[in-house]
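Here the structure is laid out as structure tokens; the discussion comes afterwards.
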Amino acid sequence: MTYGIEFVPGNVNVKQVVNFCKLAESKDIDFAWITNHYNNRHCYAVLAAVAQATTTLKMGPGIMNSFTDTPAAMASFMCTLNEISDGRAVLGIGPGDLSTLPKIAIQPEKPVARLEEAIVQIRKLVAGEEIKKSGMKFFDYDGAKLTGVTLPGKKGIPVYVGAQGPKVLELAGKVGDGALINASNPKDFQVAIPIIKKACDAAGKKNFDIGAYTAMSIDMSEKKARNAAKIVAAFIAAGSPPELLTRHGLDLHNVAKIKEALGKFDFKTVGELVGDKEIDAFTIAGTPEMVKAKCEDLTKAGVTQIIFGSPLGPDMTTSIRLLGKYIV
């Protein structure tokens with residue numbers, strides 16, 4: 001088992017992210033994943049700062065997409081980050097946030113096919129190839145080559161595919177080195193892992209890293225930890241399809257009321273509507289003992305990397321120290 005941690009450079013600034021990453025590294029956390037949203041501080045700059053301030057921590061965007069960034073731009077950035085970090089770069093890439101993209105005038109058409117082409121082209125560029133036209137639909141490069149970067153060599157740069165639906169899970173197993181699955185509950189991995197495993201077997205692939213991109217909240221006070229997780233659980237529940245809600249035994253009528261309250265920014269009502277079922281379905285929240293037990297359940301389900309994601313807890317510094325002491 002390896003461990004990662006996620007930071008959102010929107011609610012914390014760059015210097016804070018760097019300091020938190022240094023603390024995470026000192027607690028033997030293996031990976032730092034920096035979120036990528038157009039309305040926050042840019043993950044490229046944040047990752048460069050993290051690379052210069054750490055020595056063992058692997059790091060990457062969590063996650064990029066080929067709508068807002070081209071494969072050529074991502075390949076160039078990843079090689080640059082790999083150089084700055086002395087070989088510690090990893091790429092998290094997915095189909096894109098289909099709810100956010102239209103807000104910036106991007107129509108997210110054919111996201112899975114586009115993602116597959118992007119990964120193919122990134123791998124070729126990172127390997128130093130000059131890409132000739134091949135008839136690709138989205139990224140049919142004609143003579144593209146990275147000429148002014150330090151290439152990573154045979155080791156390459158590991159590609160982690162952000163995946164939830166069956167098509168992207170299958171693609172992750174087919175073309176990725178790992179997957180970042182946005183889930184915190186073993187029930188979701190019981191569905192996801194067989195899809196990945198089947199694709200890995202078809203590709204003759206072994207040593208695939210299955211990452212649980214969790215919503216984590218840890219504190220010595222169970223009440224504080226679970227209260228801190230309520231809003232995150234609410235947003236996940238509100239954005240989940242009915243079949244996922246049913247899988248976790250949630251009341252669809254109550255989730256509809258949560259969604260309505262979120263739409264009105266009525267967080268007081270949201271806090272009253274979100275109960276233990278929503279928190280346990282979509283987050284890992286509680287005391288160190290409770291969190292440890294939940295992480296062990298994920299390990300048994302087949303997860304090989306646990307990523308401690310937002311909100312982390314009522315106090316981020318305390319949370320990282322508790323994760324290092326009790327979980328890692």
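To be explicit about the labels: the chains of the structure tokens are called A, B, and onward in the order shown, and within each one the residues are counted from 1, while ligands get numbers from 1 in the order they are shown.
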
How would you write, as a PyMOL selection string, the set of residues in region 129-205 of chain A that DSSP gives as strand (DSSP E or B)? chain A and resi 131+144+159-163+178-181

Mind writing the picked residues with all heavy atoms as a short mmCIF file (atom, residue, chain, number, x, y, z; two decimals), in the first residue's frame?
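Here's the written file part-v5.cif:
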```cif
data_model
loop_
_atom_site.label_atom_id
_atom_site.label_comp_id
_atom_site.auth_asym_id
_atom_site.auth_seq_id
_atom_site.Cartn_x
_atom_site.Cartn_y
_atom_site.Cartn_z
N ILE A 131 5.95 12.65 -33.94
CA ILE A 131 4.66 12.04 -34.25
C ILE A 131 4.22 12.42 -35.67
O ILE A 131 4.08 13.59 -36.00
CB ILE A 131 3.58 12.48 -33.24
CG1 ILE A 131 4.00 12.09 -31.82
CG2 ILE A 131 2.24 11.83 -33.57
CD1 ILE A 131 3.03 12.53 -30.75
N ALA A 144 5.02 16.65 -34.77
CA ALA A 144 5.22 17.16 -33.41
C ALA A 144 6.32 16.37 -32.69
O ALA A 144 6.38 15.14 -32.77
CB ALA A 144 3.92 17.06 -32.62
N VAL A 159 1.23 7.22 -15.91
CA VAL A 159 -0.03 7.87 -16.25
C VAL A 159 -1.15 7.23 -15.42
O VAL A 159 -1.39 6.02 -15.52
CB VAL A 159 -0.35 7.73 -17.75
CG1 VAL A 159 -1.73 8.30 -18.06
CG2 VAL A 159 0.72 8.42 -18.59
N TYR A 160 -1.81 8.06 -14.62
CA TYR A 160 -2.95 7.62 -13.81
C TYR A 160 -4.22 8.20 -14.42
O TYR A 160 -4.31 9.42 -14.62
CB TYR A 160 -2.80 8.10 -12.37
CG TYR A 160 -1.80 7.33 -11.54
CD1 TYR A 160 -0.43 7.48 -11.75
CD2 TYR A 160 -2.22 6.44 -10.56
CE1 TYR A 160 0.49 6.76 -11.00
CE2 TYR A 160 -1.31 5.72 -9.79
CZ TYR A 160 0.04 5.89 -10.03
OH TYR A 160 0.95 5.18 -9.28
N VAL A 161 -5.18 7.35 -14.70
CA VAL A 161 -6.42 7.78 -15.35
C VAL A 161 -7.49 8.01 -14.28
O VAL A 161 -7.82 7.10 -13.51
CB VAL A 161 -6.89 6.75 -16.38
CG1 VAL A 161 -8.21 7.19 -17.02
CG2 VAL A 161 -5.83 6.54 -17.46
N GLY A 162 -8.02 9.22 -14.25
CA GLY A 162 -9.14 9.51 -13.36
C GLY A 162 -10.40 8.88 -13.92
O GLY A 162 -10.84 9.22 -15.03
N ALA A 163 -10.97 7.94 -13.18
CA ALA A 163 -12.05 7.12 -13.75
C ALA A 163 -13.16 6.86 -12.74
O ALA A 163 -12.90 6.67 -11.55
CB ALA A 163 -11.48 5.78 -14.23
N GLY A 178 -2.10 3.35 -13.72
CA GLY A 178 -2.89 3.34 -12.50
C GLY A 178 -4.19 4.07 -12.75
O GLY A 178 -4.40 4.67 -13.81
N ALA A 179 -5.08 4.01 -11.77
CA ALA A 179 -6.36 4.72 -11.84
C ALA A 179 -6.56 5.53 -10.58
O ALA A 179 -6.13 5.12 -9.49
CB ALA A 179 -7.51 3.74 -12.03
N LEU A 180 -7.18 6.67 -10.73
CA LEU A 180 -7.60 7.50 -9.60
C LEU A 180 -9.12 7.46 -9.58
O LEU A 180 -9.77 8.11 -10.39
CB LEU A 180 -7.08 8.92 -9.75
CG LEU A 180 -5.56 9.09 -9.86
CD1 LEU A 180 -5.19 10.54 -10.14
CD2 LEU A 180 -4.86 8.60 -8.60
N ILE A 181 -9.66 6.67 -8.67
CA ILE A 181 -11.11 6.45 -8.62
C ILE A 181 -11.69 7.29 -7.50
O ILE A 181 -11.34 7.13 -6.33
CB ILE A 181 -11.42 4.95 -8.41
CG1 ILE A 181 -10.79 4.13 -9.54
CG2 ILE A 181 -12.92 4.73 -8.35
CD1 ILE A 181 -10.83 2.63 -9.31
#
```

Residues within 10 Å of Thr214 (chain A), please, as number ranges by chain. Count only C-alpha atoms; anything in the same chain fewer than 4 positions from it doesn't count. A: 4-6, 180-185, 282-284, 295, 306-312

DSSP helix (DSSP H, G or I) residues within region 16-62 of chain A, listed as a VMD selection string: chain A and resid 16 to 26 43 to 53

Output file for the residues above (all heavy atoms, as a compact mmCIF listing (two decimals), in the first residue's frame):
```
# COMPACT_ATOMS: atom_id res chain seq x y z
N GLN A 16 1.12 27.74 1.40
CA GLN A 16 0.53 26.77 2.34
C GLN A 16 0.57 25.36 1.76
O GLN A 16 0.89 24.40 2.47
CB GLN A 16 -0.92 27.19 2.65
CG GLN A 16 -1.04 28.42 3.53
CD GLN A 16 -2.48 28.91 3.63
OE1 GLN A 16 -3.22 28.97 2.65
NE2 GLN A 16 -2.89 29.25 4.84
N VAL A 17 0.24 25.22 0.48
CA VAL A 17 0.29 23.90 -0.17
C VAL A 17 1.70 23.33 -0.07
O VAL A 17 1.89 22.15 0.27
CB VAL A 17 -0.17 23.98 -1.64
CG1 VAL A 17 0.10 22.65 -2.34
CG2 VAL A 17 -1.64 24.32 -1.73
N VAL A 18 2.70 24.14 -0.35
CA VAL A 18 4.09 23.69 -0.28
C VAL A 18 4.43 23.22 1.13
O VAL A 18 5.03 22.15 1.32
CB VAL A 18 5.05 24.80 -0.74
CG1 VAL A 18 6.50 24.42 -0.44
CG2 VAL A 18 4.88 25.07 -2.24
N ASN A 19 4.04 24.00 2.13
CA ASN A 19 4.33 23.62 3.52
C ASN A 19 3.60 22.34 3.91
O ASN A 19 4.17 21.49 4.61
CB ASN A 19 3.95 24.76 4.47
CG ASN A 19 4.92 25.92 4.39
OD1 ASN A 19 6.09 25.74 4.04
ND2 ASN A 19 4.46 27.12 4.72
N PHE A 20 2.36 22.19 3.44
CA PHE A 20 1.61 20.97 3.74
C PHE A 20 2.26 19.76 3.06
O PHE A 20 2.31 18.66 3.63
CB PHE A 20 0.15 21.10 3.29
CG PHE A 20 -0.68 22.02 4.15
CD1 PHE A 20 -1.62 22.87 3.57
CD2 PHE A 20 -0.54 22.04 5.52
CE1 PHE A 20 -2.40 23.71 4.34
CE2 PHE A 20 -1.31 22.89 6.32
CZ PHE A 20 -2.24 23.73 5.72
N CYS A 21 2.76 19.96 1.85
CA CYS A 21 3.44 18.86 1.14
C CYS A 21 4.73 18.46 1.85
O CYS A 21 5.06 17.27 1.94
CB CYS A 21 3.73 19.26 -0.30
SG CYS A 21 2.27 19.22 -1.38
N LYS A 22 5.47 19.44 2.34
CA LYS A 22 6.68 19.14 3.10
C LYS A 22 6.34 18.35 4.36
O LYS A 22 7.04 17.39 4.72
CB LYS A 22 7.42 20.43 3.46
CG LYS A 22 8.08 21.11 2.26
CD LYS A 22 8.48 22.54 2.54
CE LYS A 22 9.61 22.63 3.55
NZ LYS A 22 10.04 24.05 3.74
N LEU A 23 5.25 18.74 5.03
CA LEU A 23 4.82 18.01 6.22
C LEU A 23 4.39 16.59 5.84
O LEU A 23 4.75 15.62 6.53
CB LEU A 23 3.66 18.75 6.90
CG LEU A 23 3.04 18.09 8.13
CD1 LEU A 23 4.07 17.89 9.24
CD2 LEU A 23 1.85 18.92 8.64
N ALA A 24 3.64 16.46 4.75
CA ALA A 24 3.20 15.13 4.29
C ALA A 24 4.39 14.24 3.98
O ALA A 24 4.41 13.05 4.33
CB ALA A 24 2.30 15.27 3.06
N GLU A 25 5.41 14.80 3.33
CA GLU A 25 6.61 14.04 3.02
C GLU A 25 7.30 13.56 4.30
O GLU A 25 7.76 12.41 4.38
CB GLU A 25 7.57 14.91 2.21
CG GLU A 25 8.83 14.20 1.77
CD GLU A 25 9.72 15.10 0.91
OE1 GLU A 25 10.23 16.11 1.45
OE2 GLU A 25 9.89 14.80 -0.28
N SER A 26 7.32 14.41 5.31
CA SER A 26 7.96 14.03 6.58
C SER A 26 7.19 12.93 7.30
O SER A 26 7.74 12.25 8.18
CB SER A 26 8.09 15.25 7.50
OG SER A 26 6.84 15.62 8.07
N CYS A 43 -2.34 24.47 -11.26
CA CYS A 43 -1.60 23.34 -10.70
C CYS A 43 -0.17 23.26 -11.24
O CYS A 43 0.73 22.77 -10.55
CB CYS A 43 -2.34 22.03 -10.93
SG CYS A 43 -2.38 21.47 -12.64
N TYR A 44 0.09 23.74 -12.46
CA TYR A 44 1.45 23.67 -13.01
C TYR A 44 2.42 24.43 -12.11
O TYR A 44 3.48 23.92 -11.74
CB TYR A 44 1.49 24.29 -14.41
CG TYR A 44 0.93 23.45 -15.53
CD1 TYR A 44 0.37 22.20 -15.31
CD2 TYR A 44 0.97 23.92 -16.85
CE1 TYR A 44 -0.14 21.45 -16.36
CE2 TYR A 44 0.46 23.17 -17.90
CZ TYR A 44 -0.09 21.94 -17.65
OH TYR A 44 -0.59 21.20 -18.69
N ALA A 45 2.06 25.67 -11.79
CA ALA A 45 2.96 26.49 -10.96
C ALA A 45 3.09 25.93 -9.55
O ALA A 45 4.17 25.92 -8.96
CB ALA A 45 2.44 27.93 -10.91
N VAL A 46 1.98 25.45 -9.01
CA VAL A 46 2.00 24.88 -7.66
C VAL A 46 2.91 23.65 -7.61
O VAL A 46 3.73 23.49 -6.70
CB VAL A 46 0.57 24.51 -7.19
CG1 VAL A 46 0.61 23.86 -5.81
CG2 VAL A 46 -0.32 25.75 -7.16
N LEU A 47 2.79 22.78 -8.61
CA LEU A 47 3.61 21.57 -8.65
C LEU A 47 5.09 21.89 -8.78
O LEU A 47 5.93 21.23 -8.17
CB LEU A 47 3.15 20.67 -9.80
CG LEU A 47 1.85 19.90 -9.54
CD1 LEU A 47 1.25 19.40 -10.84
CD2 LEU A 47 2.09 18.74 -8.58
N ALA A 48 5.42 22.90 -9.56
CA ALA A 48 6.83 23.30 -9.69
C ALA A 48 7.38 23.74 -8.33
O ALA A 48 8.52 23.40 -7.97
CB ALA A 48 6.97 24.42 -10.71
N ALA A 49 6.57 24.48 -7.57
CA ALA A 49 7.00 24.93 -6.25
C ALA A 49 7.16 23.75 -5.29
O ALA A 49 8.12 23.68 -4.52
CB ALA A 49 5.99 25.94 -5.69
N VAL A 50 6.23 22.80 -5.37
CA VAL A 50 6.31 21.60 -4.52
C VAL A 50 7.55 20.79 -4.87
O VAL A 50 8.26 20.30 -3.98
CB VAL A 50 5.03 20.75 -4.67
CG1 VAL A 50 5.19 19.39 -3.97
CG2 VAL A 50 3.81 21.47 -4.12
N ALA A 51 7.84 20.67 -6.15
CA ALA A 51 9.01 19.89 -6.60
C ALA A 51 10.30 20.43 -6.01
O ALA A 51 11.18 19.68 -5.60
CB ALA A 51 9.08 19.88 -8.12
N GLN A 52 10.43 21.75 -5.97
CA GLN A 52 11.66 22.37 -5.48
C GLN A 52 11.79 22.30 -3.97
O GLN A 52 12.90 22.42 -3.44
CB GLN A 52 11.72 23.81 -5.96
CG GLN A 52 11.96 23.94 -7.47
CD GLN A 52 12.10 25.37 -7.91
OE1 GLN A 52 11.24 26.20 -7.64
NE2 GLN A 52 13.20 25.68 -8.58
N ALA A 53 10.66 22.10 -3.28
CA ALA A 53 10.69 22.13 -1.82
C ALA A 53 10.74 20.75 -1.19
O ALA A 53 10.83 20.62 0.03
CB ALA A 53 9.46 22.88 -1.30
```

For CA of Ser134 (chain A) and CA of Ala118 (chain A), the interatomic separation in Å (one decimal): 13.3 Å

Which polymer residues have any atom within 7 Å of an atom of region 59-76 of chain A, counting only C-alpha atoms, with same-chain residues fewer than 2 positions away left out, as a list of chain:residue names?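 Those residues are A:Phe31, A:Ala32, A:Trp33, A:Ile34, A:Thr35, A:Asn36, A:Cys43, A:Leu47, A:Leu57, A:Met78, A:Cys79, A:Thr80, A:Arg88, A:Ala89, A:Val90, A:Leu91, A:Gly92, A:Ile93, A:Gly94, A:Pro95, A:Gly96, A:Leu115, A:Ala118, A:Gln121, A:Ile122, A:Leu125, A:Val126, A:Leu146, A:Gly162.
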
Take the selection from the previous step and output its residues with N, CA, C and O atoms, as a compact mmCIF listing (two decimals), in the first residue's frame.
```txt
# COMPACT_ATOMS: atom_id res chain seq x y z
N PHE A 31 2.71 10.31 -2.33
CA PHE A 31 2.30 11.11 -3.49
C PHE A 31 1.59 12.38 -3.04
O PHE A 31 0.86 12.38 -2.05
N ALA A 32 1.77 13.45 -3.81
CA ALA A 32 0.95 14.66 -3.67
C ALA A 32 0.23 14.90 -4.99
O ALA A 32 0.86 14.95 -6.05
N TRP A 33 -1.08 14.99 -4.92
CA TRP A 33 -1.91 15.26 -6.10
C TRP A 33 -2.50 16.65 -5.96
O TRP A 33 -3.16 16.95 -4.95
N ILE A 34 -2.26 17.52 -6.94
CA ILE A 34 -2.74 18.90 -6.90
C ILE A 34 -3.88 19.05 -7.90
O ILE A 34 -3.73 18.76 -9.09
N THR A 35 -5.04 19.49 -7.39
CA THR A 35 -6.21 19.56 -8.26
C THR A 35 -6.04 20.62 -9.35
O THR A 35 -5.27 21.57 -9.21
N ASN A 36 -6.80 20.43 -10.41
CA ASN A 36 -6.70 21.31 -11.58
C ASN A 36 -8.08 21.85 -11.92
O ASN A 36 -8.92 21.13 -12.46
N CYS A 43 -2.34 24.47 -11.26
CA CYS A 43 -1.60 23.34 -10.70
C CYS A 43 -0.17 23.26 -11.24
O CYS A 43 0.73 22.77 -10.55
N LEU A 47 2.79 22.78 -8.61
CA LEU A 47 3.61 21.57 -8.65
C LEU A 47 5.09 21.89 -8.78
O LEU A 47 5.93 21.23 -8.17
N LEU A 57 8.88 13.01 -2.34
CA LEU A 57 7.46 13.00 -2.66
C LEU A 57 7.25 12.95 -4.17
O LEU A 57 7.79 13.77 -4.91
N MET A 78 4.95 17.86 -18.16
CA MET A 78 5.34 16.71 -17.33
C MET A 78 6.83 16.44 -17.41
O MET A 78 7.46 16.09 -16.41
N CYS A 79 7.42 16.61 -18.58
CA CYS A 79 8.87 16.45 -18.70
C CYS A 79 9.61 17.52 -17.89
O CYS A 79 10.64 17.24 -17.26
N THR A 80 9.06 18.73 -17.93
CA THR A 80 9.67 19.83 -17.17
C THR A 80 9.57 19.57 -15.67
O THR A 80 10.54 19.74 -14.92
N ARG A 88 10.38 12.57 -10.22
CA ARG A 88 9.27 12.22 -9.33
C ARG A 88 7.90 12.58 -9.90
O ARG A 88 6.89 12.52 -9.19
N ALA A 89 7.82 12.92 -11.17
CA ALA A 89 6.55 13.37 -11.74
C ALA A 89 5.64 12.20 -12.11
O ALA A 89 6.09 11.17 -12.59
N VAL A 90 4.35 12.38 -11.86
CA VAL A 90 3.32 11.44 -12.30
C VAL A 90 2.18 12.27 -12.89
O VAL A 90 1.92 13.38 -12.45
N LEU A 91 1.51 11.72 -13.89
CA LEU A 91 0.43 12.44 -14.55
C LEU A 91 -0.92 11.84 -14.20
O LEU A 91 -1.15 10.66 -14.42
N GLY A 92 -1.79 12.67 -13.66
CA GLY A 92 -3.19 12.30 -13.49
C GLY A 92 -3.99 12.97 -14.60
O GLY A 92 -3.92 14.19 -14.78
N ILE A 93 -4.72 12.18 -15.36
CA ILE A 93 -5.48 12.71 -16.50
C ILE A 93 -6.81 12.00 -16.61
O ILE A 93 -6.90 10.79 -16.35
N GLY A 94 -7.85 12.75 -16.96
CA GLY A 94 -9.17 12.15 -17.08
C GLY A 94 -9.96 12.76 -18.21
O GLY A 94 -9.45 13.61 -18.97
N PRO A 95 -11.23 12.38 -18.34
CA PRO A 95 -12.05 12.86 -19.46
C PRO A 95 -12.46 14.32 -19.33
O PRO A 95 -12.89 14.93 -20.31
N GLY A 96 -12.34 14.90 -18.14
CA GLY A 96 -12.74 16.30 -17.94
C GLY A 96 -14.02 16.40 -17.15
O GLY A 96 -14.86 15.50 -17.16
N LEU A 115 -9.77 11.28 -24.64
CA LEU A 115 -8.81 10.96 -23.58
C LEU A 115 -7.83 9.88 -24.05
O LEU A 115 -6.62 9.99 -23.82
N ALA A 118 -5.31 11.32 -26.39
CA ALA A 118 -4.38 12.20 -25.66
C ALA A 118 -3.30 11.40 -24.96
O ALA A 118 -2.11 11.75 -25.02
N GLN A 121 -0.72 10.03 -27.46
CA GLN A 121 0.19 11.06 -27.97
C GLN A 121 1.15 11.56 -26.89
O GLN A 121 2.33 11.82 -27.17
N ILE A 122 0.68 11.68 -25.65
CA ILE A 122 1.56 12.09 -24.56
C ILE A 122 2.69 11.08 -24.38
O ILE A 122 3.86 11.44 -24.25
N LEU A 125 5.29 11.47 -27.19
CA LEU A 125 6.09 12.69 -27.05
C LEU A 125 7.09 12.56 -25.92
O LEU A 125 8.26 12.94 -26.06
N VAL A 126 6.64 12.01 -24.79
CA VAL A 126 7.52 11.84 -23.62
C VAL A 126 8.65 10.85 -23.93
O VAL A 126 9.74 10.94 -23.37
N LEU A 146 9.07 16.88 -28.96
CA LEU A 146 9.64 17.69 -27.89
C LEU A 146 11.15 17.80 -28.13
O LEU A 146 11.85 16.78 -28.15
N GLY A 162 -8.02 9.22 -14.25
CA GLY A 162 -9.14 9.51 -13.36
C GLY A 162 -10.40 8.88 -13.92
O GLY A 162 -10.84 9.22 -15.03
```

What does the structure give for the distance between CA of His42 (chain A) and CA of Glu129 (chain A), in Å to one decimal?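 Pair CA of His42 (chain A) / CA of Glu129 (chain A) returns 28.0 Å.
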
Please identify all polymer residues within 10 Å of Lys137 (chain A), counting only C-alpha atoms, omitting same-chain residues fewer than 5 positions from it, and present them as a PDB file with C-alpha atoms, in the first residue's frame.
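Output saved as around05.pdb:
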```
ATOM      1  CA  ALA A 113     -12.182   8.697 -27.204  1.00  0.00           C
ATOM      2  CA  ARG A 114     -10.476  12.072 -26.825  1.00  0.00           C
ATOM      3  CA  GLU A 117      -5.918   9.691 -28.077  1.00  0.00           C
TER       4      GLU A 117
END
```

Counting only C-alpha atoms, figure out which residue out of A:Cys200, A:Ile218, A:Ile327, A:Val112 gets nearest to Ala293 (chain A).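 Smallest distance to Ala293 (chain A) is found for A:Ile327.
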